[in-house]
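A short worksheet on the structure shown next.
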Amino acid sequence: MLGGSTIRISGPCFTVGEVVPVRVPEVGVDFNCEVGSFPKEAVCVTPPLFRTGQLTLLVNTTRGSYRGNITSVNMLHWPVEVERENRANWVVRNMVDVTWPLHGIPHQMKKELHILAYRSDQNGVPSLRNVSGIISVEPRSTNRRFRLPEIADSDSAHSLVISLCWRINAYQHVLPICVWSDVFPVRWLPNEQKQKSQQWCEKWLTKEKIINASDPVKIRAPNCPCVASIAERDVGHFHPDPFCDNTTNSTYNCEYNKNAEKCFTRNIKSPDDSGETCCYNAKRDLMDIRDHPGAGTHQRYNYQAQATLPGAKGPVPFFSFFEEDVLPRLHCCEYSDRNCSDFIKFRQATTCQDYSAPSLAQAAGDPHIVTLDGKNYSFNGVGDFYLVMDPASSTSVQVRAVQVTDINGNLQSATVFSHVAVAMRGSSDTVEIRKSGNGTDDFEVLLNHIPLSSYVSTSRFTNISLSHNNDGSFLIALEPVSVSVRVEVTPDLLNIIVMIGEPDMKGRLRGLLGNYNGKADDDFIARNETVLLASSTMRTIHYGFGMTWKVPENESILSSVSSSSGKSGNPPGPEFSPLFIDENPMEALNGSTEMCKGNQQCIFDFLVTRKESVALATMNFTEKFSEMKEELAIIVIRCPFLETPTNGNKTQDGNSVNSTANFTCNVEFEMQGSPTRRCDETGKWTGSVVECVKK
């Protein structure tokens, strides 16, 4: 996004020494690549792009023109390699230190440091301007001390970033390679900070009043969860805020969210979407900015927001959020506090009143399905099926079911899921996870049917994201519709949890996971809208409901069967007939009850496959699903925010049940109302509102 990254282009016929012009049409940026002697490839270094996602690369050579793609990554998802040491010391005119790692940066080459200020002109065109000159770095050095320069008010510089750059000696026509620090605010010496921040805040408030009159900040549902444990589960709506997570070794470690332990930010719904951050204290309770200046707010911009159309005027990824949401809160509420209440008028506090948790569905093992409304059944069809289909938003979650094999490799009368694909047809990329073979750990992640050779912990594509979790599972999120799919890859199959939290989808969904209307007795709706009884036999459910959700070839978002490897991808023979356990009761194998700890789905899977690995994976996954469902079903009671009375004070130990708030009035004022109020079991404060009136 900021540039300085190397691109190597191979394939076209290049001429040694040729300078190749390249253009990124979405942002109107031109730069040069250069062809080396061996191997024959063009080497380029990107300039600042200020746009994220997949971008087009137009390559013009002496022998023709070519088109390719590059992916530009948001600042908050890119590794910081230039570390600012002792961050509290980073104020203008102070001596400061930076370090960088031993690996990945050539130590024998001379390098330069630059302090760059972000600016956006009156037409919204972003740029980085050098405010330090060149700070030279000796070869083999991994640190540098320098004085942070004074930033003149006329420069209108609010955000700074440091680049460490060097040139490739063999390529004289390409830009320098650069690595970057985090972006940080301009700050002043302690005796100046409060006054300077108040002035900064007042200028911002004046500007914001004008903007807000015609374009107020959009407040979108849902509100924040009351506790961090639910925010961690509600992955369809929220993801960890890269700015604040003290539970990991984060670059920022909640530097800009005082007293917060972990924050979450709402998933983006559209390219230019507003934002919402939920911050939680060490007790994992939601913080309120009206009491805690480091808490989250509703925001004008999501940190991923950008202009809807390339080249159009609109937000710049990360920087618009940092300059219009993060910096105003810091200057108005943390670095000074006189204008914090005015800031909150434009960036409202996030609360957990009226928060509604999402619904979960499961498709695990020899597929044991729990619908979004909680109906349990098993389905052993073979082929490609809709787990979820939403005609209104074109949301599609599809799976491929293949015959399962026993420990000897013999096909059995049951199936497992080997592929899952997620997309909004026509408006998002397609992300697919597929097993590469049977009984191995091999799998592939595909983007638009093309295997990804690499992916970072969180990769964002067009309207869809992919996260690789610490436990090895994957999370695919369709952010515009708050649909998320958690996928656990085992040696034998895929286990899947689908989470949906969009109220607009209630009642209109179709597929193997039901209609999501809050009632479990009408989930068996066939594609022709015939509704089966909830008490139907397994045979009736199989043919009258499940098989009707087989995906027609022209609707498939899954990769072709022929591209799968191993027996797990082979189509079944015409003799395939699933085992209906209600017609053919089977006794549990010796030891399976103990091994499965009474888990019936585990016992059944062991009975069919004779594989402990399949049975135990089913047991562990279904238990994990039950834990998630129970946790999201917990009703957390919190009382609403209490204002501090004018001419008085408030002390409060929280807003959970039995928390208390105590009020006092200043000298010359007397209290009307309740000096102590308690949060009761209904989520209401006892007593009456306090006013401090003149004696």
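Every chain in the structure tokens has a letter given in the order shown (A, B, ...), and although residue numbers restart at 1 in each chain, ligands are simply numbered from 1 in the order shown.
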Exercise for the section: Excluding His239 of chain A and any residue of its chain fewer than 6 positions from it, enumerate the residues within 7 Å of it, using only C-alpha atoms, and give them as number ranges by chain. Expected result: A: 264-267
Restrict the selected residues to C-alpha atoms and save them as a short mmCIF file (atom, residue, chain, number, x, y, z; two decimals), in the first residue's frame.
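Result went into again.cif, see below:
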```
data_model
loop_
_atom_site.label_atom_id
_atom_site.label_comp_id
_atom_site.auth_asym_id
_atom_site.auth_seq_id
_atom_site.Cartn_x
_atom_site.Cartn_y
_atom_site.Cartn_z
CA PHE A 264 -12.65 -5.59 18.22
CA THR A 265 -13.68 -3.77 15.09
CA ARG A 266 -16.83 -4.36 13.08
CA ASN A 267 -16.41 -6.17 9.78
#
```
Practice task
Tell me, as a list of chain:residue names, which residues lie within 8 Å of Lys435 of chain A, counting only C-alpha atoms; anything in the same chain fewer than 5 positions away does not count.
Solution key: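 Close residues of Lys435 of chain A: A:Ser418, A:His419, A:Asp442, A:Phe443, A:Glu444, A:Val489, A:Leu493, A:Leu494, A:Ser564.
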Those residues you just picked out, can you put them in a file as an mmCIF file, in the first residue's frame with N, CA, C and O atoms?
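The result, stored in selection-v6.cif:
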```cif
data_model
loop_
_atom_site.group_PDB
_atom_site.id
_atom_site.type_symbol
_atom_site.label_atom_id
_atom_site.label_comp_id
_atom_site.auth_asym_id
_atom_site.auth_seq_id
_atom_site.Cartn_x
_atom_site.Cartn_y
_atom_site.Cartn_z
ATOM 1 N N SER A 418 -15.691 -32.952 1.708
ATOM 2 C CA SER A 418 -14.294 -32.823 1.284
ATOM 3 C C SER A 418 -13.966 -31.418 0.784
ATOM 4 O O SER A 418 -12.790 -31.058 0.701
ATOM 5 N N HIS A 419 -14.971 -30.631 0.400
ATOM 6 C CA HIS A 419 -14.767 -29.268 -0.103
ATOM 7 C C HIS A 419 -15.818 -28.355 0.525
ATOM 8 O O HIS A 419 -16.942 -28.785 0.800
ATOM 9 N N ASP A 442 -3.085 -33.229 3.776
ATOM 10 C CA ASP A 442 -2.996 -32.318 2.633
ATOM 11 C C ASP A 442 -4.331 -31.639 2.349
ATOM 12 O O ASP A 442 -5.390 -32.268 2.392
ATOM 13 N N PHE A 443 -4.261 -30.355 2.056
ATOM 14 C CA PHE A 443 -5.449 -29.603 1.641
ATOM 15 C C PHE A 443 -4.977 -28.417 0.817
ATOM 16 O O PHE A 443 -3.784 -28.085 0.779
ATOM 17 N N GLU A 444 -5.911 -27.782 0.146
ATOM 18 C CA GLU A 444 -5.607 -26.589 -0.648
ATOM 19 C C GLU A 444 -6.605 -25.493 -0.318
ATOM 20 O O GLU A 444 -7.765 -25.765 -0.017
ATOM 21 N N VAL A 489 -9.887 -28.669 9.207
ATOM 22 C CA VAL A 489 -9.392 -29.669 8.263
ATOM 23 C C VAL A 489 -8.796 -30.831 9.052
ATOM 24 O O VAL A 489 -7.889 -30.642 9.863
ATOM 25 N N LEU A 493 -11.603 -35.445 6.508
ATOM 26 C CA LEU A 493 -12.786 -34.679 6.108
ATOM 27 C C LEU A 493 -12.672 -33.241 6.583
ATOM 28 O O LEU A 493 -11.707 -32.853 7.270
ATOM 29 N N LEU A 494 -13.685 -32.449 6.210
ATOM 30 C CA LEU A 494 -13.826 -31.081 6.708
ATOM 31 C C LEU A 494 -14.991 -31.028 7.690
ATOM 32 O O LEU A 494 -16.067 -31.568 7.423
ATOM 33 N N SER A 564 -9.876 -32.596 -8.088
ATOM 34 C CA SER A 564 -9.602 -33.180 -6.777
ATOM 35 C C SER A 564 -8.670 -34.364 -6.955
ATOM 36 O O SER A 564 -8.622 -34.995 -7.997
#
```
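Our summary of the geometry notes that atom CA of Asn666 of chain A is positioned 5.7 Å from atom CA of Asn647 of chain A.
Proximity to segment 526-541 of chain A at 10 Å, evaluated using only C-alpha atoms and with sequence-adjacent residues fewer than 6 positions away removed, yields Lys375, Asn376, Tyr377, Ser378, Phe379, Asn380, Arg510, Gly511, Leu512, Gly514, Ala520, Met547, Thr548, Trp549, Lys550, Pro578, Leu579, Phe580, Ile581, Asp582 and Glu583 of chain A.
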Practice task
List every residue of segment 540-660 of chain A that DSSP, applied to the backbone, labels as alpha helix (DSSP H), and write the result as an NGL selection string.
Solution key: :A and (540-544 or 592-596 or 600-609 or 612-633)
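Between Phe385 of chain A and the candidates A:Phe545, A:Trp204, A:Tyr256, A:Phe524, the tightest atom-to-atom separation, counting only C-alpha atoms, involves A:Phe545.
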Problem - Residue contacts of Tyr303 of chain A (7 Å, only C-alpha atoms) excluding same-chain residues fewer than 5 positions away, as a PyMOL selection string - result: chain A and resi 317-318+321
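Taking only C-alpha atoms, the non-local environment of Pro328 of chain A within 9 Å (same-chain residues fewer than 2 positions away omitted) comprises A:Trp200, A:Cys201, A:Trp204, A:Leu205, A:Phe322, A:Glu323, A:Glu324, A:Asp325, A:Val326, A:Leu330, A:His331, A:Cys332, A:Cys333, A:Phe343.
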Atoms kept (C-alpha atoms) for selection, written as a PDB file, in the first residue's frame:
```pdb
ATOM      1  CA  TRP A 200      -5.850  20.574  17.295  1.00  0.00           C
ATOM      2  CA  CYS A 201      -9.158  19.275  18.664  1.00  0.00           C
ATOM      3  CA  TRP A 204     -11.124  19.407  14.036  1.00  0.00           C
ATOM      4  CA  LEU A 205     -14.459  20.096  15.776  1.00  0.00           C
ATOM      5  CA  PHE A 322      -6.459   7.257  11.535  1.00  0.00           C
ATOM      6  CA  GLU A 323      -6.806  10.978  10.814  1.00  0.00           C
ATOM      7  CA  GLU A 324     -10.572  11.339  11.237  1.00  0.00           C
ATOM      8  CA  ASP A 325     -11.307   8.821  14.017  1.00  0.00           C
ATOM      9  CA  VAL A 326      -8.174   7.835  15.956  1.00  0.00           C
ATOM     10  CA  LEU A 330      -6.513  11.050  21.130  1.00  0.00           C
ATOM     11  CA  HIS A 331      -6.285  14.841  20.946  1.00  0.00           C
ATOM     12  CA  CYS A 332      -9.790  15.549  22.282  1.00  0.00           C
ATOM     13  CA  CYS A 333     -10.014  12.862  24.995  1.00  0.00           C
ATOM     14  CA  PHE A 343     -15.998  14.867  20.350  1.00  0.00           C
TER      15      PHE A 343
END
```
Exercise for the section: Report the residues of segment 495-606 of chain A whose backbone DSSP state falls under strand (DSSP E), written as a list in words. Expected result: Asn495, Ile496, Ile497, Val498, Met499 and Ile500 of chain A
